[in-house]
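Have a look at coords-v5.pdb below; it lists PDB, C-alpha atoms, pLDDT in the B column.
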ATOM      1  CA  MET A  13      -0.434  12.946 -62.986  1.00 93.00           C
ATOM      2  CA  ARG A  14      -0.069  10.377 -60.218  1.00 95.00           C
ATOM      3  CA  VAL A  15       0.307   6.787 -61.373  1.00 95.00           C
ATOM      4  CA  ILE A  16       0.822   3.379 -59.792  1.00 95.00           C
ATOM      5  CA  MET A  17       3.755   1.555 -61.335  1.00 95.00           C
ATOM      6  CA  LEU A  18       2.990  -1.985 -62.526  1.00 94.00           C
ATOM      7  CA  LYS A  19       6.616  -2.712 -63.431  1.00 94.00           C
ATOM      8  CA  ASP A  20      10.012  -1.189 -62.639  1.00 95.00           C
ATOM      9  CA  VAL A  21      10.903   1.683 -64.966  1.00 94.00           C
ATOM     10  CA  LYS A  22      14.422   3.061 -64.691  1.00 95.00           C
ATOM     11  CA  GLY A  23      14.428   6.682 -63.628  1.00 93.00           C
ATOM     12  CA  VAL A  24      10.688   6.706 -62.878  1.00 94.00           C
ATOM     13  CA  GLY A  25       9.877   4.233 -60.129  1.00 94.00           C
ATOM     14  CA  LYS A  26       9.663   0.675 -58.948  1.00 95.00           C
ATOM     15  CA  LYS A  27       6.744  -1.725 -59.063  1.00 94.00           C
ATOM     16  CA  ASP A  28       3.829  -0.819 -56.731  1.00 92.00           C
ATOM     17  CA  GLN A  29       5.190   2.687 -56.147  1.00 93.00           C
ATOM     18  CA  ILE A  30       2.931   5.704 -56.569  1.00 94.00           C
ATOM     19  CA  VAL A  31       4.804   8.388 -58.504  1.00 95.00           C
ATOM     20  CA  THR A  32       4.041  11.694 -60.191  1.00 95.00           C
ATOM     21  CA  VAL A  33       4.845  11.928 -63.900  1.00 95.00           C
ATOM     22  CA  LYS A  34       3.949  14.302 -66.701  1.00 95.00           C
ATOM     23  CA  ASP A  35       0.566  13.696 -68.325  1.00 95.00           C
ATOM     24  CA  GLY A  36       1.991  13.107 -71.796  1.00 95.00           C
ATOM     25  CA  TYR A  37       4.543  10.592 -70.549  1.00 95.00           C
ATOM     26  CA  ALA A  38       1.838   8.629 -68.754  1.00 95.00           C
ATOM     27  CA  LEU A  39      -0.681   8.746 -71.618  1.00 95.00           C
ATOM     28  CA  ASN A  40       1.754   8.100 -74.466  1.00 96.00           C
ATOM     29  CA  PHE A  41       4.282   5.736 -72.903  1.00 95.00           C
ATOM     30  CA  LEU A  42       3.418   4.221 -69.501  1.00 95.00           C
ATOM     31  CA  PHE A  43      -0.255   3.369 -70.079  1.00 95.00           C
ATOM     32  CA  PRO A  44       0.012   1.902 -73.614  1.00 95.00           C
ATOM     33  CA  LYS A  45       2.950  -0.320 -72.616  1.00 95.00           C
ATOM     34  CA  GLY A  46       1.180  -1.539 -69.472  1.00 95.00           C
ATOM     35  CA  LEU A  47       3.850  -0.120 -67.180  1.00 95.00           C
ATOM     36  CA  ALA A  48       1.495   1.918 -64.992  1.00 95.00           C
ATOM     37  CA  VAL A  49      -2.150   2.705 -64.221  1.00 95.00           C
ATOM     38  CA  GLN A  50      -3.661   5.982 -63.153  1.00 94.00           C
ATOM     39  CA  GLU A  51      -4.051   6.429 -59.415  1.00 94.00           C
ATOM     40  CA  SER A  52      -7.642   6.274 -58.259  1.00 94.00           C
ATOM     41  CA  LYS A  53      -9.426   5.197 -55.121  1.00 94.00           C
ATOM     42  CA  ARG A  54     -10.139   1.738 -56.579  1.00 95.00           C
ATOM     43  CA  SER A  55      -6.624   1.222 -57.973  1.00 93.00           C
ATOM     44  CA  VAL A  56      -5.115   2.051 -54.560  1.00 93.00           C
ATOM     45  CA  GLU A  57      -7.486  -0.490 -52.952  1.00 94.00           C
ATOM     46  CA  ILE A  58      -6.438  -3.133 -55.469  1.00 93.00           C
ATOM     47  CA  LEU A  59      -2.771  -2.332 -54.835  1.00 93.00           C
ATOM     48  CA  SER A  60      -3.178  -2.751 -51.074  1.00 94.00           C
ATOM     49  CA  GLU A  61      -5.051  -6.061 -51.596  1.00 95.00           C
ATOM     50  CA  GLN A  62      -2.265  -7.350 -53.847  1.00 93.00           C
ATOM     51  CA  GLN A  63       0.396  -6.329 -51.331  1.00 93.00           C
ATOM     52  CA  ALA A  64      -1.516  -8.096 -48.534  1.00 95.00           C
ATOM     53  CA  ASP A  65      -1.808 -11.245 -50.691  1.00 96.00           C
ATOM     54  CA  ARG A  66       1.916 -11.174 -51.449  1.00 94.00           C
ATOM     55  CA  ALA A  67       2.750 -10.692 -47.766  1.00 94.00           C
ATOM     56  CA  ARG A  68       0.531 -13.633 -46.793  1.00 97.00           C
ATOM     57  CA  LEU A  69       2.047 -15.843 -49.514  1.00 96.00           C
ATOM     58  CA  ASP A  70       5.540 -14.788 -48.438  1.00 94.00           C
ATOM     59  CA  ALA A  71       4.760 -15.720 -44.832  1.00 94.00           C
ATOM     60  CA  GLU A  72       3.394 -19.127 -45.919  1.00 95.00           C
ATOM     61  CA  ASN A  73       6.472 -19.876 -48.032  1.00 94.00           C
ATOM     62  CA  LYS A  74       8.781 -18.826 -45.217  1.00 94.00           C
ATOM     63  CA  ALA A  75       6.922 -21.086 -42.764  1.00 94.00           C
ATOM     64  CA  LYS A  76       7.219 -24.022 -45.188  1.00 94.00           C
ATOM     65  CA  ALA A  77      10.933 -23.343 -45.596  1.00 93.00           C
ATOM     66  CA  GLN A  78      11.427 -23.229 -41.827  1.00 94.00           C
ATOM     67  CA  ASP A  79       9.593 -26.558 -41.538  1.00 93.00           C
ATOM     68  CA  VAL A  80      11.921 -28.085 -44.150  1.00 92.00           C
ATOM     69  CA  ALA A  81      14.946 -26.625 -42.325  1.00 92.00           C
ATOM     70  CA  HIS A  82      13.736 -28.243 -39.111  1.00 93.00           C
ATOM     71  CA  ARG A  83      13.303 -31.604 -40.892  1.00 92.00           C
ATOM     72  CA  LEU A  84      16.819 -31.330 -42.351  1.00 91.00           C
ATOM     73  CA  GLU A  85      18.336 -31.018 -38.856  1.00 90.00           C
ATOM     74  CA  ASN A  86      17.496 -34.670 -38.139  1.00 90.00           C
ATOM     75  CA  ILE A  87      18.707 -36.066 -41.473  1.00 91.00           C
ATOM     76  CA  THR A  88      22.119 -37.473 -42.330  1.00 92.00           C
ATOM     77  CA  LEU A  89      22.673 -38.501 -45.938  1.00 92.00           C
ATOM     78  CA  GLU A  90      24.837 -41.600 -46.367  1.00 92.00           C
ATOM     79  CA  PHE A  91      27.133 -41.977 -49.380  1.00 91.00           C
ATOM     80  CA  LEU A  92      29.695 -44.598 -50.331  1.00 90.00           C
ATOM     81  CA  ALA A  93      32.845 -43.593 -52.191  1.00 89.00           C
ATOM     82  CA  ASN A  94      36.077 -45.157 -53.334  1.00 87.00           C
ATOM     83  CA  ALA A  95      39.131 -43.987 -51.449  1.00 84.00           C
ATOM     84  CA  GLY A  96      42.864 -44.447 -51.640  1.00 80.00           C
ATOM     85  CA  GLU A  97      45.104 -45.889 -48.957  1.00 77.00           C
ATOM     86  CA  ASP A  98      45.571 -42.494 -47.327  1.00 74.00           C
ATOM     87  CA  GLY A  99      41.799 -42.090 -46.850  1.00 70.00           C
ATOM     88  CA  ARG A 100      41.300 -39.495 -49.590  1.00 78.00           C
ATOM     89  CA  MET A 101      38.299 -39.887 -51.865  1.00 83.00           C
ATOM     90  CA  PHE A 102      38.479 -40.303 -55.608  1.00 85.00           C
ATOM     91  CA  GLY A 103      36.231 -37.466 -56.848  1.00 85.00           C
ATOM     92  CA  THR A 104      33.569 -35.637 -54.876  1.00 87.00           C
ATOM     93  CA  ILE A 105      29.904 -35.907 -53.950  1.00 89.00           C
ATOM     94  CA  SER A 106      28.133 -33.289 -56.069  1.00 89.00           C
ATOM     95  CA  THR A 107      25.288 -31.010 -55.041  1.00 89.00           C
ATOM     96  CA  LYS A 108      23.174 -32.782 -57.664  1.00 91.00           C
ATOM     97  CA  GLN A 109      23.739 -36.097 -55.884  1.00 91.00           C
ATOM     98  CA  VAL A 110      22.832 -34.543 -52.531  1.00 91.00           C
ATOM     99  CA  ALA A 111      19.600 -33.022 -53.917  1.00 91.00           C
ATOM    100  CA  LEU A 112      18.666 -36.284 -55.640  1.00 93.00           C
ATOM    101  CA  LYS A 113      19.250 -38.357 -52.493  1.00 92.00           C
ATOM    102  CA  LEU A 114      17.111 -35.950 -50.430  1.00 92.00           C
ATOM    103  CA  LYS A 115      14.313 -36.271 -52.974  1.00 92.00           C
ATOM    104  CA  GLU A 116      14.482 -40.068 -53.223  1.00 92.00           C
ATOM    105  CA  GLU A 117      14.872 -40.971 -49.557  1.00 91.00           C
ATOM    106  CA  PHE A 118      13.094 -38.186 -47.682  1.00 91.00           C
ATOM    107  CA  ASP A 119      10.827 -36.582 -50.329  1.00 91.00           C
ATOM    108  CA  ILE A 120      12.409 -33.179 -49.714  1.00 90.00           C
ATOM    109  CA  GLU A 121      12.877 -31.272 -52.927  1.00 91.00           C
ATOM    110  CA  ILE A 122      15.603 -28.627 -53.039  1.00 91.00           C
ATOM    111  CA  ASP A 123      17.349 -26.936 -55.913  1.00 90.00           C
ATOM    112  CA  LYS A 124      20.992 -27.979 -56.180  1.00 89.00           C
ATOM    113  CA  ARG A 125      21.910 -24.351 -56.949  1.00 91.00           C
ATOM    114  CA  LYS A 126      20.546 -23.282 -53.568  1.00 90.00           C
ATOM    115  CA  ILE A 127      23.289 -25.188 -51.740  1.00 90.00           C
ATOM    116  CA  ILE A 128      25.459 -22.243 -50.732  1.00 90.00           C
ATOM    117  CA  SER A 129      28.311 -23.983 -48.927  1.00 84.00           C
ATOM    118  CA  LYS A 130      31.654 -23.492 -50.603  1.00 82.00           C
ATOM    119  CA  VAL A 131      32.947 -26.679 -48.962  1.00 82.00           C
ATOM    120  CA  ALA A 132      33.283 -29.629 -51.330  1.00 82.00           C
ATOM    121  CA  VAL A 133      32.321 -33.076 -50.100  1.00 85.00           C
ATOM    122  CA  ASP A 134      35.672 -34.589 -51.018  1.00 84.00           C
ATOM    123  CA  ARG A 135      36.756 -36.512 -47.936  1.00 84.00           C
ATOM    124  CA  LEU A 136      35.490 -39.399 -45.878  1.00 86.00           C
ATOM    125  CA  GLY A 137      33.536 -38.558 -42.753  1.00 87.00           C
ATOM    126  CA  TYR A 138      30.933 -35.918 -41.976  1.00 91.00           C
ATOM    127  CA  THR A 139      30.427 -32.666 -43.852  1.00 90.00           C
ATOM    128  CA  THR A 140      27.742 -30.052 -43.231  1.00 92.00           C
ATOM    129  CA  LEU A 141      26.292 -28.208 -46.206  1.00 91.00           C
ATOM    130  CA  GLU A 142      24.150 -25.088 -45.962  1.00 92.00           C
ATOM    131  CA  VAL A 143      21.174 -24.607 -48.256  1.00 92.00           C
ATOM    132  CA  GLU A 144      19.144 -21.421 -48.699  1.00 93.00           C
ATOM    133  CA  LEU A 145      15.559 -22.648 -48.609  1.00 91.00           C
ATOM    134  CA  TYR A 146      13.965 -19.187 -48.758  1.00 92.00           C
ATOM    135  CA  LYS A 147      14.975 -15.587 -48.182  1.00 90.00           C
ATOM    136  CA  GLY A 148      16.731 -15.634 -44.814  1.00 88.00           C
ATOM    137  CA  VAL A 149      15.987 -19.327 -44.098  1.00 91.00           C
ATOM    138  CA  ILE A 150      19.124 -21.466 -44.081  1.00 92.00           C
ATOM    139  CA  GLY A 151      19.001 -25.233 -43.611  1.00 92.00           C
ATOM    140  CA  LYS A 152      21.890 -27.541 -42.791  1.00 93.00           C
ATOM    141  CA  ILE A 153      22.365 -30.895 -44.491  1.00 92.00           C
ATOM    142  CA  ARG A 154      24.680 -33.442 -42.873  1.00 93.00           C
ATOM    143  CA  VAL A 155      26.464 -35.680 -45.329  1.00 92.00           C
ATOM    144  CA  HIS A 156      28.352 -38.780 -44.220  1.00 92.00           C
ATOM    145  CA  VAL A 157      30.737 -40.414 -46.677  1.00 90.00           C
ATOM    146  CA  SER A 158      32.124 -43.834 -45.884  1.00 89.00           C
ATOM    147  CA  GLU A 159      34.569 -45.969 -47.827  1.00 86.00           C
ATOM    148  CA  ASN A 160      33.206 -48.345 -50.438  1.00 81.00           C
ATOM    149  CA  LYS A 161      34.840 -51.711 -49.771  1.00 73.00           C
TER     150      LYS A 161
END
Structure encoded using structure tokens:
Amino acid sequence: MRVIMLKDVKGVGKKDQIVTVKDGYALNFLFPKGLAVQESKRSVEILSEQQADRARLDAENKAKAQDVAHRLENITLEFLANAGEDGRMFGTISTKQVALKLKEEFDIEIDKRKIISKVAVDRLGYTTLEVELYKGVIGKIRVHVSENK
């Protein structure tokens, strides 16, 4: 029997795949648990509509992320920090602080866990942080730290 997978099932198939399974397996396991539906003309049409909707939504989200990345290019976040005589900061500027400042000053909401730069903001001057806004869309945030006097 040919079925359309509604969810990933190990050893059988991934979501939205059309696979052939034994009748008993489909009737007694896949269908009752909502893991698959039987392939028919209508179910294939519904599958293609859902895939088109997901592709359109994906394209919209990617466009929004690229717009945010473009806006981030022109932004420099300003922070004040205490520093010693040698110019080294006491502590660091956290990703949470960066995300909060973006939200408050520029109304750009990003998840602090999406900041992928391994560089800590622990010195005075300019630092560039990279943030993954969407799959394959990387934005750059410039952070400027000056001494608190």
Any idea what's packed within 7 Å of Leu89 (chain A), counting all atoms listed in the file, ignoring anything in its chain fewer than 3 positions away? Could you give it as a count of residues only? 3
Pick from A:Met101, A:Ile58, A:Leu112, A:Leu141 nearest to Ser158 (chain A), counting only C-alpha atoms: A:Met101
Please measure the separation of CA of Arg66 (chain A) and CA of Ile120 (chain A), giving the value in Å to one decimal.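 Interatomic distance here is 24.4 Å.
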Output check: residues returned by the PyMOL selection byres ((chain A and resi 50) around 8), as a list in words: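 Selected by the PyMOL selection byres ((chain A and resi 50) around 8) here: Met13, Arg14, Val15, Ile16, Ala48, Val49, Glu51, Ser52 and Ser55 of chain A.
Residue nearest Gly151 (chain A), chosen from A:Leu114, A:Leu42, A:Ile127, A:Ile30 and counting only C-alpha atoms: A:Ile127.
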Residue with smallest distance to Tyr146 (chain A) - pool A:Lys76, A:Lys26, A:Lys19, A:Lys130, counting all atoms listed in the file: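 Using all atoms listed in the file, the shortest distance to Tyr146 (chain A) belongs to A:Lys76.
Comparing the minimum interatomic distances between Ala81 (chain A) and each of A:Lys53, A:Phe43, A:Gly25, A:Lys152, counting only C-alpha atoms, we find that A:Lys152 sits nearest.
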Residue among A:Arg54, A:Lys147, A:Lys27, A:His82 lying closest to Asp70 (chain A), counting all atoms listed in the file: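 Going through A:Arg54, A:Lys147, A:Lys27, A:His82 one by one, the smallest distance to Asp70 (chain A) is for A:Lys147.
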For region 60-77 of chain A, I'd like the enclosing box, axis-aligned and padded by 8 Å on every side, reported as lines of an AutoDock Vina configuration file with centre and edge lengths in Å to one decimal.
center_x = 2.9
center_y = -13.4
center_z = -48.3
size_x = 32.0
size_y = 37.3
size_z = 27.1
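Each of A:Glu159, A:Asp79, A:Glu61, A:Glu117 was checked against Gly99 (chain A) using all atoms listed in the file; the smallest atom-to-atom distance is that of A:Glu159.
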Picked residues, the PyMOL selection byres ((chain A and resi 145) around 9), expected as a PDB file with C-alpha atoms, in the frame of the given file:
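part.pdb was written with the following content:
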ATOM      1  CA  LYS A  74       8.781 -18.826 -45.217  1.00 94.00           C
ATOM      2  CA  ALA A  77      10.933 -23.343 -45.596  1.00 93.00           C
ATOM      3  CA  GLN A  78      11.427 -23.229 -41.827  1.00 94.00           C
ATOM      4  CA  VAL A  80      11.921 -28.085 -44.150  1.00 92.00           C
ATOM      5  CA  ALA A  81      14.946 -26.625 -42.325  1.00 92.00           C
ATOM      6  CA  ILE A 122      15.603 -28.627 -53.039  1.00 91.00           C
ATOM      7  CA  ASP A 123      17.349 -26.936 -55.913  1.00 90.00           C
ATOM      8  CA  LYS A 126      20.546 -23.282 -53.568  1.00 90.00           C
ATOM      9  CA  ILE A 127      23.289 -25.188 -51.740  1.00 90.00           C
ATOM     10  CA  VAL A 143      21.174 -24.607 -48.256  1.00 92.00           C
ATOM     11  CA  GLU A 144      19.144 -21.421 -48.699  1.00 93.00           C
ATOM     12  CA  TYR A 146      13.965 -19.187 -48.758  1.00 92.00           C
ATOM     13  CA  LYS A 147      14.975 -15.587 -48.182  1.00 90.00           C
ATOM     14  CA  GLY A 148      16.731 -15.634 -44.814  1.00 88.00           C
ATOM     15  CA  VAL A 149      15.987 -19.327 -44.098  1.00 91.00           C
ATOM     16  CA  ILE A 150      19.124 -21.466 -44.081  1.00 92.00           C
ATOM     17  CA  GLY A 151      19.001 -25.233 -43.611  1.00 92.00           C
TER      18      GLY A 151
END
Would you work out the distance separating CA of Lys108 (chain A) from CA of Arg125 (chain A), expressed in Å to one decimal?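 According to the coordinates, CA of Lys108 (chain A) and CA of Arg125 (chain A) are separated by 8.6 Å.
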Which distance in Å separates CA of Leu69 (chain A) and CA of Glu121 (chain A), to one decimal?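 Calculated distance between CA of Leu69 (chain A) and CA of Glu121 (chain A) is 19.2 Å.
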Near-region 91-96 of chain A list (10 Å; only C-alpha atoms; drop same-chain fewer than 3 positions) as a list of chain:residue names: A:Thr88, A:Gly99, A:Arg100, A:Met101, A:Phe102, A:Gly103, A:Thr104, A:Ile105, A:Gln109, A:Val110, A:Lys113, A:Asp134, A:Arg135, A:Leu136, A:Gly137, A:Val155, A:His156, A:Val157, A:Ser158, A:Glu159, A:Asn160, A:Lys161
